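Next comes query_25.cif, a file with mmCIF, C-alpha atoms and all ligand atoms.
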```cif
data_upload
loop_
_atom_site.group_PDB
_atom_site.id
_atom_site.type_symbol
_atom_site.label_atom_id
_atom_site.label_comp_id
_atom_site.auth_asym_id
_atom_site.auth_seq_id
_atom_site.Cartn_x
_atom_site.Cartn_y
_atom_site.Cartn_z
ATOM 1 C CA MET A 1 37.236 -5.249 2.001
ATOM 2 C CA LYS A 2 36.382 -1.671 1.148
ATOM 3 C CA ILE A 3 34.036 0.262 3.407
ATOM 4 C CA ILE A 4 32.180 2.877 1.388
ATOM 5 C CA ARG A 5 29.914 5.487 2.981
ATOM 6 C CA ALA A 6 29.266 7.920 0.129
ATOM 7 C CA VAL A 7 26.665 7.253 -2.579
ATOM 8 C CA ASN A 8 28.768 8.728 -5.396
ATOM 9 C CA GLU A 9 31.811 6.661 -4.405
ATOM 10 C CA MET A 10 29.666 3.512 -4.309
ATOM 11 C CA THR A 11 28.291 4.155 -7.798
ATOM 12 C CA ALA A 12 31.730 5.026 -9.200
ATOM 13 C CA TRP A 13 33.100 1.723 -7.869
ATOM 14 C CA ALA A 14 30.115 -0.226 -9.267
ATOM 15 C CA LYS A 15 30.525 1.400 -12.692
ATOM 16 C CA SER A 16 34.197 0.486 -12.791
ATOM 17 C CA VAL A 17 33.316 -3.156 -12.027
ATOM 18 C CA ARG A 18 30.677 -3.182 -14.753
ATOM 19 C CA ARG A 19 33.036 -1.540 -17.248
ATOM 20 C CA SER A 20 35.562 -4.309 -16.626
ATOM 21 C CA GLY A 21 32.913 -6.851 -17.670
ATOM 22 C CA LYS A 22 32.598 -8.396 -14.202
ATOM 23 C CA SER A 23 29.317 -9.200 -12.464
ATOM 24 C CA LEU A 24 28.090 -7.670 -9.247
ATOM 25 C CA ALA A 25 25.759 -9.006 -6.537
ATOM 26 C CA LEU A 26 24.088 -6.977 -3.795
ATOM 27 C CA VAL A 27 22.940 -8.221 -0.389
ATOM 28 C CA PRO A 28 20.815 -5.536 1.302
ATOM 29 C CA THR A 29 20.796 -5.774 5.118
ATOM 30 C CA MET A 30 20.138 -3.801 8.265
ATOM 31 C CA GLY A 31 23.209 -5.293 9.940
ATOM 32 C CA PHE A 32 23.708 -7.067 13.270
ATOM 33 C CA PHE A 33 24.728 -10.054 11.219
ATOM 34 C CA HIS A 34 23.787 -13.609 12.049
ATOM 35 C CA GLU A 35 24.283 -16.844 10.152
ATOM 36 C CA GLY A 36 21.277 -16.026 7.924
ATOM 37 C CA HIS A 37 22.998 -12.902 6.608
ATOM 38 C CA LEU A 38 26.276 -14.774 6.131
ATOM 39 C CA ARG A 39 24.588 -17.487 4.074
ATOM 40 C CA LEU A 40 23.066 -14.834 1.829
ATOM 41 C CA MET A 41 26.562 -13.389 1.359
ATOM 42 C CA ARG A 42 27.934 -16.818 0.447
ATOM 43 C CA LEU A 43 25.177 -17.357 -2.092
ATOM 44 C CA ALA A 44 25.901 -13.910 -3.552
ATOM 45 C CA SER A 45 29.600 -14.842 -3.894
ATOM 46 C CA GLN A 46 28.591 -17.899 -5.908
ATOM 47 C CA ARG A 47 26.430 -15.803 -8.210
ATOM 48 C CA ALA A 48 28.760 -12.923 -9.083
ATOM 49 C CA ASP A 49 32.396 -11.871 -9.350
ATOM 50 C CA PHE A 50 32.004 -9.073 -6.798
ATOM 51 C CA VAL A 51 29.713 -8.743 -3.769
ATOM 52 C CA VAL A 52 28.451 -5.573 -2.142
ATOM 53 C CA VAL A 53 26.691 -5.873 1.215
ATOM 54 C CA SER A 54 24.714 -2.821 2.240
ATOM 55 C CA LEU A 55 24.291 -2.115 5.924
ATOM 56 C CA PHE A 56 21.636 0.499 6.519
ATOM 57 C CA VAL A 57 19.000 0.612 9.235
ATOM 58 C CA ASN A 58 16.368 2.213 7.058
ATOM 59 C CA PRO A 59 14.355 4.648 9.209
ATOM 60 C CA ILE A 60 11.449 4.997 6.770
ATOM 61 C CA GLN A 61 10.477 1.333 7.044
ATOM 62 C CA PHE A 62 9.869 1.659 10.795
ATOM 63 C CA GLY A 63 6.548 2.923 12.166
ATOM 64 C CA PRO A 64 6.529 5.609 14.862
ATOM 65 C CA GLN A 65 5.842 3.041 17.608
ATOM 66 C CA GLU A 66 8.408 0.555 16.290
ATOM 67 C CA ASP A 67 11.935 -0.325 17.378
ATOM 68 C CA LEU A 68 14.110 1.975 15.205
ATOM 69 C CA SER A 69 15.910 3.600 18.141
ATOM 70 C CA ARG A 70 16.728 0.292 19.820
ATOM 71 C CA TYR A 71 17.372 -1.769 16.681
ATOM 72 C CA PRO A 72 20.570 -3.746 17.474
ATOM 73 C CA ARG A 73 23.776 -2.392 15.941
ATOM 74 C CA ASP A 74 27.420 -3.480 16.137
ATOM 75 C CA PHE A 75 29.359 -2.065 13.231
ATOM 76 C CA ASP A 76 32.795 -3.431 14.194
ATOM 77 C CA ARG A 77 31.501 -6.972 14.553
ATOM 78 C CA ASP A 78 29.545 -6.721 11.282
ATOM 79 C CA ALA A 79 32.590 -5.395 9.419
ATOM 80 C CA GLN A 80 34.712 -8.267 10.747
ATOM 81 C CA LEU A 81 32.093 -10.870 9.771
ATOM 82 C CA ALA A 82 31.694 -9.407 6.272
ATOM 83 C CA GLN A 83 35.466 -9.355 5.859
ATOM 84 C CA ASN A 84 35.642 -13.029 6.902
ATOM 85 C CA GLU A 85 33.172 -13.755 4.088
ATOM 86 C CA LYS A 86 35.518 -11.977 1.636
ATOM 87 C CA ILE A 87 32.902 -9.406 0.755
ATOM 88 C CA ASP A 88 34.314 -6.796 -1.617
ATOM 89 C CA VAL A 89 32.424 -3.741 -0.401
ATOM 90 C CA LEU A 90 30.463 -2.982 2.750
ATOM 91 C CA PHE A 91 28.267 -0.030 1.810
ATOM 92 C CA VAL A 92 27.294 1.887 4.947
ATOM 93 C CA PRO A 93 25.535 5.123 4.011
ATOM 94 C CA SER A 94 24.311 7.543 6.663
ATOM 95 C CA VAL A 95 20.635 8.472 6.877
ATOM 96 C CA ASP A 96 21.458 11.936 5.444
ATOM 97 C CA GLU A 97 23.331 10.340 2.554
ATOM 98 C CA MET A 98 20.297 8.203 1.665
ATOM 99 C CA TYR A 99 17.592 10.740 2.512
ATOM 100 C CA PRO A 100 18.788 14.328 2.115
ATOM 101 C CA ALA A 101 16.429 16.822 3.741
ATOM 102 C CA ASP A 102 14.640 17.562 0.457
ATOM 103 C CA HIS A 103 14.000 13.895 -0.380
ATOM 104 C CA GLN A 104 10.330 13.408 -1.314
ATOM 105 C CA THR A 105 9.944 10.369 -3.575
ATOM 106 C CA GLU A 106 8.578 6.988 -2.531
ATOM 107 C CA VAL A 107 8.208 3.701 -4.374
ATOM 108 C CA GLN A 108 4.960 1.866 -3.668
ATOM 109 C CA VAL A 109 3.865 -1.625 -4.664
ATOM 110 C CA ARG A 110 0.133 -1.490 -4.077
ATOM 111 C CA HIS A 111 -1.885 -4.671 -3.658
ATOM 112 C CA LEU A 112 0.814 -7.071 -2.512
ATOM 113 C CA THR A 113 1.558 -4.844 0.480
ATOM 114 C CA ALA A 114 -2.039 -4.590 1.715
ATOM 115 C CA GLY A 115 -2.224 -7.846 3.701
ATOM 116 C CA LEU A 116 -0.048 -9.826 6.117
ATOM 117 C CA CYS A 117 2.686 -7.586 7.607
ATOM 118 C CA GLY A 118 1.398 -4.600 5.613
ATOM 119 C CA LYS A 119 -1.774 -4.559 7.700
ATOM 120 C CA SER A 120 -0.102 -4.053 11.045
ATOM 121 C CA ARG A 121 2.856 -2.071 9.681
ATOM 122 C CA PRO A 122 1.350 0.658 7.481
ATOM 123 C CA GLY A 123 4.019 2.299 5.338
ATOM 124 C CA HIS A 124 6.573 -0.397 6.097
ATOM 125 C CA PHE A 125 6.763 -1.802 2.581
ATOM 126 C CA ASN A 126 6.898 1.649 0.989
ATOM 127 C CA GLY A 127 9.988 2.174 3.110
ATOM 128 C CA VAL A 128 11.417 -1.143 1.966
ATOM 129 C CA THR A 129 10.753 -0.659 -1.746
ATOM 130 C CA THR A 130 12.016 2.922 -1.637
ATOM 131 C CA VAL A 131 15.321 1.980 -0.027
ATOM 132 C CA VAL A 132 15.804 -1.110 -2.194
ATOM 133 C CA ALA A 133 15.072 0.887 -5.361
ATOM 134 C CA LYS A 134 17.653 3.445 -4.272
ATOM 135 C CA LEU A 135 20.199 0.725 -3.457
ATOM 136 C CA PHE A 136 19.633 -0.845 -6.878
ATOM 137 C CA ASN A 137 20.264 2.520 -8.551
ATOM 138 C CA ILE A 138 23.332 3.256 -6.434
ATOM 139 C CA VAL A 139 24.989 -0.192 -6.490
ATOM 140 C CA LEU A 140 23.931 -1.200 -10.031
ATOM 141 C CA PRO A 141 23.984 -4.940 -9.253
ATOM 142 C CA HIS A 142 23.347 -7.712 -11.771
ATOM 143 C CA CYS A 143 21.666 -9.735 -9.045
ATOM 144 C CA ALA A 144 20.450 -9.204 -5.495
ATOM 145 C CA VAL A 145 19.946 -11.784 -2.769
ATOM 146 C CA PHE A 146 17.017 -11.742 -0.328
ATOM 147 C CA GLY A 147 15.909 -14.220 2.340
ATOM 148 C CA GLU A 148 12.698 -16.235 2.231
ATOM 149 C CA LYS A 149 12.305 -15.438 5.931
ATOM 150 C CA ASP A 150 10.654 -12.190 4.798
ATOM 151 C CA CYS A 151 8.412 -13.892 2.258
ATOM 152 C CA GLN A 152 6.138 -10.919 1.596
ATOM 153 C CA GLN A 153 9.155 -8.648 1.125
ATOM 154 C CA LEU A 154 10.566 -11.045 -1.445
ATOM 155 C CA VAL A 155 7.320 -11.105 -3.442
ATOM 156 C CA VAL A 156 7.040 -7.314 -3.253
ATOM 157 C CA ILE A 157 10.628 -6.794 -4.439
ATOM 158 C CA ARG A 158 10.157 -9.210 -7.333
ATOM 159 C CA ARG A 159 7.064 -7.249 -8.348
ATOM 160 C CA MET A 160 8.895 -3.935 -8.107
ATOM 161 C CA VAL A 161 11.696 -5.297 -10.281
ATOM 162 C CA ARG A 162 9.164 -6.371 -12.910
ATOM 163 C CA ASP A 163 7.009 -3.270 -12.740
ATOM 164 C CA LEU A 164 9.948 -0.850 -12.875
ATOM 165 C CA ASN A 165 11.924 -2.876 -15.442
ATOM 166 C CA TYR A 166 15.039 -3.324 -13.339
ATOM 167 C CA ASP A 167 17.507 -5.572 -15.133
ATOM 168 C CA ILE A 168 18.373 -7.339 -11.886
ATOM 169 C CA LYS A 169 17.956 -11.013 -11.054
ATOM 170 C CA ILE A 170 16.402 -11.577 -7.645
ATOM 171 C CA VAL A 171 17.852 -14.623 -5.909
ATOM 172 C CA ALA A 172 16.059 -16.128 -2.904
ATOM 173 C CA HIS A 173 17.801 -17.907 -0.031
ATOM 174 C CA PRO A 174 15.856 -20.387 2.141
ATOM 175 C CA ILE A 175 15.215 -19.566 5.793
ATOM 176 C CA VAL A 176 18.228 -20.174 8.014
ATOM 177 C CA ARG A 177 17.317 -21.586 11.429
ATOM 178 C CA ASP A 178 19.217 -22.204 14.620
ATOM 179 C CA ARG A 179 19.627 -25.680 16.090
ATOM 180 C CA ASP A 180 16.214 -25.539 17.731
ATOM 181 C CA GLY A 181 14.456 -24.435 14.557
ATOM 182 C CA LEU A 182 14.054 -20.754 15.432
ATOM 183 C CA ALA A 183 14.421 -18.638 12.283
ATOM 184 C CA MET A 184 17.463 -16.421 12.772
ATOM 185 C CA SER A 185 16.734 -12.731 13.133
ATOM 186 C CA SER A 186 18.577 -9.698 14.462
ATOM 187 C CA ARG A 187 15.499 -9.132 16.622
ATOM 188 C CA ASN A 188 16.048 -12.455 18.420
ATOM 189 C CA SER A 189 18.622 -10.522 20.464
ATOM 190 C CA TYR A 190 15.704 -8.789 22.217
ATOM 191 C CA LEU A 191 14.418 -12.088 23.603
ATOM 192 C CA SER A 192 14.978 -13.246 27.176
ATOM 193 C CA GLN A 193 15.800 -16.908 27.665
ATOM 194 C CA ALA A 194 12.180 -17.699 28.510
ATOM 195 C CA GLU A 195 10.989 -15.747 25.452
ATOM 196 C CA CYS A 196 13.445 -17.681 23.248
ATOM 197 C CA GLN A 197 11.731 -20.870 24.347
ATOM 198 C CA SER A 198 8.328 -19.383 23.564
ATOM 199 C CA ALA A 199 9.525 -18.198 20.149
ATOM 200 C CA LEU A 200 9.967 -21.840 19.161
ATOM 201 C CA CYS A 201 6.176 -21.985 18.873
ATOM 202 C CA LEU A 202 6.578 -20.591 15.334
ATOM 203 C CA CYS A 203 8.659 -23.388 13.836
ATOM 204 C CA ARG A 204 6.740 -25.976 15.857
ATOM 205 C CA ALA A 205 3.461 -24.625 14.507
ATOM 206 C CA LEU A 206 4.787 -24.932 10.956
ATOM 207 C CA GLN A 207 5.890 -28.481 11.681
ATOM 208 C CA LEU A 208 2.503 -29.319 13.184
ATOM 209 C CA ALA A 209 0.720 -27.921 10.125
ATOM 210 C CA ARG A 210 2.996 -29.959 7.839
ATOM 211 C CA GLU A 211 2.200 -33.110 9.761
ATOM 212 C CA ARG A 212 -1.540 -32.457 9.421
ATOM 213 C CA VAL A 213 -1.120 -31.786 5.697
ATOM 214 C CA ALA A 214 0.848 -35.036 5.331
ATOM 215 C CA ALA A 215 -2.062 -36.779 7.113
ATOM 216 C CA GLY A 216 -4.453 -35.392 4.511
ATOM 217 C CA VAL A 217 -5.821 -32.220 6.124
ATOM 218 C CA LEU A 218 -5.802 -29.602 3.354
ATOM 219 C CA ASP A 219 -8.506 -27.251 4.615
ATOM 220 C CA ALA A 220 -7.076 -23.838 5.481
ATOM 221 C CA ARG A 221 -9.580 -23.077 8.245
ATOM 222 C CA GLN A 222 -8.856 -26.301 10.060
ATOM 223 C CA LEU A 223 -5.101 -25.804 9.818
ATOM 224 C CA ILE A 224 -5.295 -22.183 10.948
ATOM 225 C CA GLU A 225 -7.406 -23.153 13.976
ATOM 226 C CA LEU A 226 -4.902 -25.827 14.893
ATOM 227 C CA VAL A 227 -1.976 -23.417 14.588
ATOM 228 C CA ALA A 228 -3.849 -20.711 16.531
ATOM 229 C CA SER A 229 -4.462 -23.020 19.449
ATOM 230 C CA HIS A 230 -0.852 -24.197 19.349
ATOM 231 C CA LEU A 231 0.514 -20.628 19.428
ATOM 232 C CA SER A 232 -1.842 -19.592 22.223
ATOM 233 C CA SER A 233 -0.588 -22.411 24.421
ATOM 234 C CA TYR A 234 2.774 -20.621 24.885
ATOM 235 C CA ASP A 235 3.581 -17.979 27.508
ATOM 236 C CA HIS A 236 4.366 -14.406 26.389
ATOM 237 C CA VAL A 237 2.927 -15.047 22.887
ATOM 238 C CA THR A 238 0.231 -13.007 21.141
ATOM 239 C CA THR A 239 -0.684 -13.896 17.595
ATOM 240 C CA GLU A 240 -0.826 -11.175 14.954
ATOM 241 C CA TYR A 241 -1.766 -13.269 11.937
ATOM 242 C CA ILE A 242 -1.886 -16.824 10.666
ATOM 243 C CA SER A 243 -2.483 -16.907 6.903
ATOM 244 C CA LEU A 244 -2.370 -19.529 4.239
ATOM 245 C CA VAL A 245 -1.433 -17.664 1.060
ATOM 246 C CA ASP A 246 -0.308 -18.336 -2.467
ATOM 247 C CA GLN A 247 3.455 -17.796 -2.571
ATOM 248 C CA GLU A 248 3.300 -15.619 -5.691
ATOM 249 C CA SER A 249 0.052 -13.657 -5.478
ATOM 250 C CA LEU A 250 -0.121 -13.637 -1.647
ATOM 251 C CA ASN A 251 -3.867 -14.223 -2.051
ATOM 252 C CA GLU A 252 -5.445 -16.183 0.786
ATOM 253 C CA LYS A 253 -6.198 -19.788 -0.013
ATOM 254 C CA ASP A 254 -8.972 -22.092 1.174
ATOM 255 C CA THR A 255 -7.022 -25.259 0.492
ATOM 256 C CA VAL A 256 -3.362 -26.200 0.687
ATOM 257 C CA ASP A 257 -1.530 -26.888 -2.545
ATOM 258 C CA GLU A 258 2.099 -26.934 -3.617
ATOM 259 C CA GLY A 259 2.223 -23.177 -4.079
ATOM 260 C CA SER A 260 0.826 -22.299 -0.671
ATOM 261 C CA VAL A 261 2.770 -20.867 2.208
ATOM 262 C CA LEU A 262 1.688 -20.634 5.817
ATOM 263 C CA ALA A 263 2.757 -17.189 7.051
ATOM 264 C CA LEU A 264 2.868 -16.364 10.752
ATOM 265 C CA ALA A 265 3.453 -13.205 12.768
ATOM 266 C CA ILE A 266 3.447 -13.079 16.531
ATOM 267 C CA ARG A 267 4.669 -10.989 19.397
ATOM 268 C CA VAL A 268 6.747 -12.608 22.076
ATOM 269 C CA GLY A 269 6.670 -10.056 24.865
ATOM 270 C CA ASP A 270 7.481 -6.803 23.041
ATOM 271 C CA THR A 271 9.277 -8.465 20.150
ATOM 272 C CA ARG A 272 7.578 -8.992 16.823
ATOM 273 C CA LEU A 273 8.645 -12.189 15.037
ATOM 274 C CA ILE A 274 7.655 -13.705 11.698
ATOM 275 C CA ASP A 275 8.111 -17.094 10.103
ATOM 276 C CA ASN A 276 6.695 -18.985 7.154
ATOM 277 C CA GLY A 277 6.957 -22.207 5.273
ATOM 278 C CA ARG A 278 5.534 -24.315 2.488
ATOM 279 C CA LEU A 279 3.443 -27.079 3.901
ATOM 280 C CA TYR A 280 4.363 -29.856 1.487
ATOM 281 C CA GLU A 281 8.033 -29.749 2.373
ATOM 282 C CA LYS A 282 10.008 -31.191 5.254
ATOM 283 C CA MET A 283 11.753 -28.576 7.430
HETATM 284 P P1 LIG A 301 17.605 -7.771 7.717
HETATM 285 O O1 LIG A 301 18.985 -7.342 8.069
HETATM 286 O O2 LIG A 301 16.874 -8.425 8.842
HETATM 287 O O3 LIG A 301 16.820 -6.682 7.016
HETATM 288 O O4 LIG A 301 17.756 -8.926 6.632
HETATM 289 C C1 LIG A 301 18.537 -8.775 5.484
HETATM 290 C C2 LIG A 301 18.261 -9.917 4.547
HETATM 291 O O5 LIG A 301 18.549 -11.135 5.207
HETATM 292 C C3 LIG A 301 16.790 -9.992 4.106
HETATM 293 O O6 LIG A 301 16.748 -10.373 2.735
HETATM 294 C C4 LIG A 301 16.236 -11.074 4.988
HETATM 295 O O7 LIG A 301 15.140 -11.767 4.402
HETATM 296 C C5 LIG A 301 17.428 -11.985 5.102
HETATM 297 N N1 LIG A 301 17.328 -12.808 6.314
HETATM 298 C C6 LIG A 301 17.225 -12.387 7.592
HETATM 299 N N2 LIG A 301 17.129 -13.442 8.427
HETATM 300 C C7 LIG A 301 17.147 -14.549 7.655
HETATM 301 C C8 LIG A 301 17.071 -15.956 7.906
HETATM 302 N N3 LIG A 301 16.942 -16.447 9.125
HETATM 303 N N4 LIG A 301 17.139 -16.792 6.855
HETATM 304 C C9 LIG A 301 17.251 -16.325 5.594
HETATM 305 N N5 LIG A 301 17.332 -15.029 5.290
HETATM 306 C C10 LIG A 301 17.280 -14.141 6.295
#
```
Can you dump the structure from the file as structure tokens?
Ligand code: AMP
Amino acid sequence: MKIIRAVNEMTAWAKSVRRSGKSLALVPTMGFFHEGHLRLMRLASQRADFVVVSLFVNPIQFGPQEDLSRYPRDFDRDAQLAQNEKIDVLFVPSVDEMYPADHQTEVQVRHLTAGLCGKSRPGHFNGVTTVVAKLFNIVLPHCAVFGEKDCQQLVVIRRMVRDLNYDIKIVAHPIVRDRDGLAMSSRNSYLSQAECQSALCLCRALQLARERVAAGVLDARQLIELVASHLSSYDHVTTEYISLVDQESLNEKDTVDEGSVLALAIRVGDTRLIDNGRLYEKM
């Protein structure tokens, strides 16, 4: 596996792959790999001849009060895990390499970023779309793999790809969960043992909502009230939002249908966690 840190070297390598007629997949990450990241890498390997994984903790997608400085990092472990997955290139640019001092351009997707996580994290999605646009231009992939765990991010990236005419196929990977059902996340490493138990309220709430839907309850208000009271029954948990939205438009829905997703954001202690799921499916 090659480790590339310079933007021009990354692009030169990508161009040589493209010139040879081979296909290239990108998996953008912020590192501290868990099984979720590794599954995305495996899916990328199935979709293209060569796989680039980017590892970049993108400062501009963190708010001033957020966890940028303590975001978990372990480069040696990540490099070993990526190598085990037979990744071709681990692209690890520095902040200066990605954002030279005179950098002043941002990519913004407007309406889709207004609700859900965009409400409590102003500027977050501009940071995401800016870095992903740059990664697309630097790595020149034919396809890029993103997780459904960040469902709003996925919708926003798909929109950016359409609006900016990127010739890149966006591939979605389902949410990867641990044995107990907790959606894997680098931020789970912040949780104490007691908080880990409380964090299970997310997947249990989704399950509860699915059971109610299976029993015929399709009214969003009723389901949201049920989920709210479930979440509030756990220690250390404060709810940020509970929204039933259309999976493509992210518009709020009054009634569950096949295209609707229940999206949840909570804090467990100081740690912000998100989860989501379609309500017609089994977990
Ligand atoms: P991150 O390093 O947290 O920015 O995540 C990098 C990519 O992995 C994003 O596309 C995430 O949606 C995806 N991802 C993170 N956790 C999971 C998970 N538990 N299941 C599926 N995809 C995930």
* Asked: For Arg187 (chain A), which of A:Gln108, A:Thr113, A:Ser260, A:Thr271 is the closest residue, counting all atoms listed in the file?
  ->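 Closest candidate: A:Thr271.
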* So what does the PyMOL selection byres (((chain A and resi 8) around 12) and not hetatm) actually pick up in this one, as a count of residues only? -> 20
* **For ligand LIG 301 (chain A), the nearest of the candidates A:Leu279, A:Ala265, A:Val171, A:Ala79, counting all atoms listed in the file** =>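 So, comparing all the options, the nearest one is A:Val171.
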* Closest to Leu208 (chain A) among A:Val131, A:Ala101, A:Leu231, A:Ala194, using only C-alpha atoms? -> A:Leu231
* **Between CA of Gly123 (chain A) and CA of Phe62 (chain A), distance in Å (one decimal)** => 8.0 Å
Using 9 Å as the limit and counting all atoms listed in the file, can you tabulate each residue of chain A that touches ligand LIG 301 (chain A), with its shortest atom-to-atom distance in Å and the two atoms involved, as CSV?
```
residue,atom,partner,partner_atom,distance
A:Val27,CA,A:LIG301,C2,7.0
A:Pro28,CA,A:LIG301,C1,5.8
A:Thr29,CA,A:LIG301,C1,3.8
A:Met30,CA,A:LIG301,O1,3.7
A:Gly31,CA,A:LIG301,O1,5.1
A:Phe32,CA,A:LIG301,O1,7.0
A:Phe33,CA,A:LIG301,O1,7.1
A:His34,CA,A:LIG301,N2,7.6
A:Glu35,CA,A:LIG301,N3,7.4
A:Gly36,CA,A:LIG301,C8,4.2
A:His37,CA,A:LIG301,O5,5.0
A:Leu38,CA,A:LIG301,O5,8.6
A:Arg39,CA,A:LIG301,C9,7.6
A:Leu40,CA,A:LIG301,N5,6.7
A:Leu55,CA,A:LIG301,O1,7.8
A:Phe56,CA,A:LIG301,O1,8.4
A:Val57,CA,A:LIG301,O3,7.9
A:Asn58,CA,A:LIG301,O3,8.9
A:Val145,CA,A:LIG301,O6,6.5
A:Phe146,CA,A:LIG301,O6,3.4
A:Gly147,CA,A:LIG301,O7,3.3
A:Glu148,CA,A:LIG301,O7,5.5
A:Lys149,CA,A:LIG301,O7,4.9
A:Asp150,CA,A:LIG301,O7,4.5
A:Cys151,CA,A:LIG301,O7,7.4
A:Gln153,CA,A:LIG301,O7,7.5
A:Leu154,CA,A:LIG301,O7,7.5
A:Ala172,CA,A:LIG301,O6,8.1
A:His173,CA,A:LIG301,C9,5.9
A:Pro174,CA,A:LIG301,C9,5.5
A:Ile175,CA,A:LIG301,N4,3.5
A:Val176,CA,A:LIG301,N4,3.7
A:Arg177,CA,A:LIG301,N3,5.6
A:Asp178,CA,A:LIG301,N3,8.3
A:Leu182,CA,A:LIG301,N3,8.2
A:Ala183,CA,A:LIG301,N3,4.6
A:Met184,CA,A:LIG301,N3,3.7
A:Ser185,CA,A:LIG301,N2,4.8
A:Ser186,CA,A:LIG301,O2,6.0
A:Arg187,CA,A:LIG301,O2,7.9
A:Asp275,CA,A:LIG301,N3,8.9
```
Please, can region 131-143 of chain A be completed to N, CA, C and O atoms and returned as a PDB file, keeping the file's coordinate frame?
```
ATOM      1  N   VAL A 131      13.884   2.122  -0.285  1.00  0.00           N
ATOM      2  CA  VAL A 131      15.321   1.980  -0.027  1.00  0.00           C
ATOM      3  C   VAL A 131      15.950   0.968  -0.986  1.00  0.00           C
ATOM      4  O   VAL A 131      17.080   1.165  -1.462  1.00  0.00           O
ATOM      5  N   VAL A 132      15.215  -0.105  -1.298  1.00  0.00           N
ATOM      6  CA  VAL A 132      15.804  -1.110  -2.194  1.00  0.00           C
ATOM      7  C   VAL A 132      15.939  -0.537  -3.610  1.00  0.00           C
ATOM      8  O   VAL A 132      16.952  -0.761  -4.289  1.00  0.00           O
ATOM      9  N   ALA A 133      14.960   0.245  -4.042  1.00  0.00           N
ATOM     10  CA  ALA A 133      15.072   0.887  -5.361  1.00  0.00           C
ATOM     11  C   ALA A 133      16.300   1.800  -5.394  1.00  0.00           C
ATOM     12  O   ALA A 133      17.076   1.811  -6.362  1.00  0.00           O
ATOM     13  N   LYS A 134      16.486   2.561  -4.323  1.00  0.00           N
ATOM     14  CA  LYS A 134      17.653   3.445  -4.272  1.00  0.00           C
ATOM     15  C   LYS A 134      18.952   2.634  -4.280  1.00  0.00           C
ATOM     16  O   LYS A 134      19.895   2.958  -5.008  1.00  0.00           O
ATOM     17  N   LEU A 135      18.985   1.557  -3.488  1.00  0.00           N
ATOM     18  CA  LEU A 135      20.199   0.725  -3.457  1.00  0.00           C
ATOM     19  C   LEU A 135      20.481   0.128  -4.827  1.00  0.00           C
ATOM     20  O   LEU A 135      21.638   0.047  -5.260  1.00  0.00           O
ATOM     21  N   PHE A 136      19.438  -0.298  -5.532  1.00  0.00           N
ATOM     22  CA  PHE A 136      19.633  -0.845  -6.878  1.00  0.00           C
ATOM     23  C   PHE A 136      20.248   0.225  -7.801  1.00  0.00           C
ATOM     24  O   PHE A 136      21.134  -0.072  -8.598  1.00  0.00           O
ATOM     25  N   ASN A 137      19.757   1.450  -7.680  1.00  0.00           N
ATOM     26  CA  ASN A 137      20.264   2.520  -8.551  1.00  0.00           C
ATOM     27  C   ASN A 137      21.681   2.952  -8.180  1.00  0.00           C
ATOM     28  O   ASN A 137      22.443   3.399  -9.032  1.00  0.00           O
ATOM     29  N   ILE A 138      22.009   2.824  -6.911  1.00  0.00           N
ATOM     30  CA  ILE A 138      23.332   3.256  -6.434  1.00  0.00           C
ATOM     31  C   ILE A 138      24.384   2.176  -6.695  1.00  0.00           C
ATOM     32  O   ILE A 138      25.495   2.457  -7.127  1.00  0.00           O
ATOM     33  N   VAL A 139      24.003   0.904  -6.447  1.00  0.00           N
ATOM     34  CA  VAL A 139      24.989  -0.192  -6.490  1.00  0.00           C
ATOM     35  C   VAL A 139      25.019  -0.869  -7.862  1.00  0.00           C
ATOM     36  O   VAL A 139      25.971  -1.558  -8.207  1.00  0.00           O
ATOM     37  N   LEU A 140      23.986  -0.676  -8.660  1.00  0.00           N
ATOM     38  CA  LEU A 140      23.931  -1.200 -10.031  1.00  0.00           C
ATOM     39  C   LEU A 140      24.256  -2.704 -10.105  1.00  0.00           C
ATOM     40  O   LEU A 140      25.087  -3.118 -10.924  1.00  0.00           O
ATOM     41  N   PRO A 141      23.627  -3.510  -9.250  1.00  0.00           N
ATOM     42  CA  PRO A 141      23.984  -4.940  -9.253  1.00  0.00           C
ATOM     43  C   PRO A 141      23.355  -5.685 -10.435  1.00  0.00           C
ATOM     44  O   PRO A 141      22.322  -5.257 -10.955  1.00  0.00           O
ATOM     45  N   HIS A 142      23.976  -6.808 -10.807  1.00  0.00           N
ATOM     46  CA  HIS A 142      23.347  -7.712 -11.771  1.00  0.00           C
ATOM     47  C   HIS A 142      22.346  -8.620 -11.071  1.00  0.00           C
ATOM     48  O   HIS A 142      21.397  -9.085 -11.666  1.00  0.00           O
ATOM     49  N   CYS A 143      22.624  -8.946  -9.807  1.00  0.00           N
ATOM     50  CA  CYS A 143      21.666  -9.735  -9.045  1.00  0.00           C
ATOM     51  C   CYS A 143      21.662  -9.274  -7.596  1.00  0.00           C
ATOM     52  O   CYS A 143      22.607  -8.612  -7.141  1.00  0.00           O
TER      53      CYS A 143
END
```
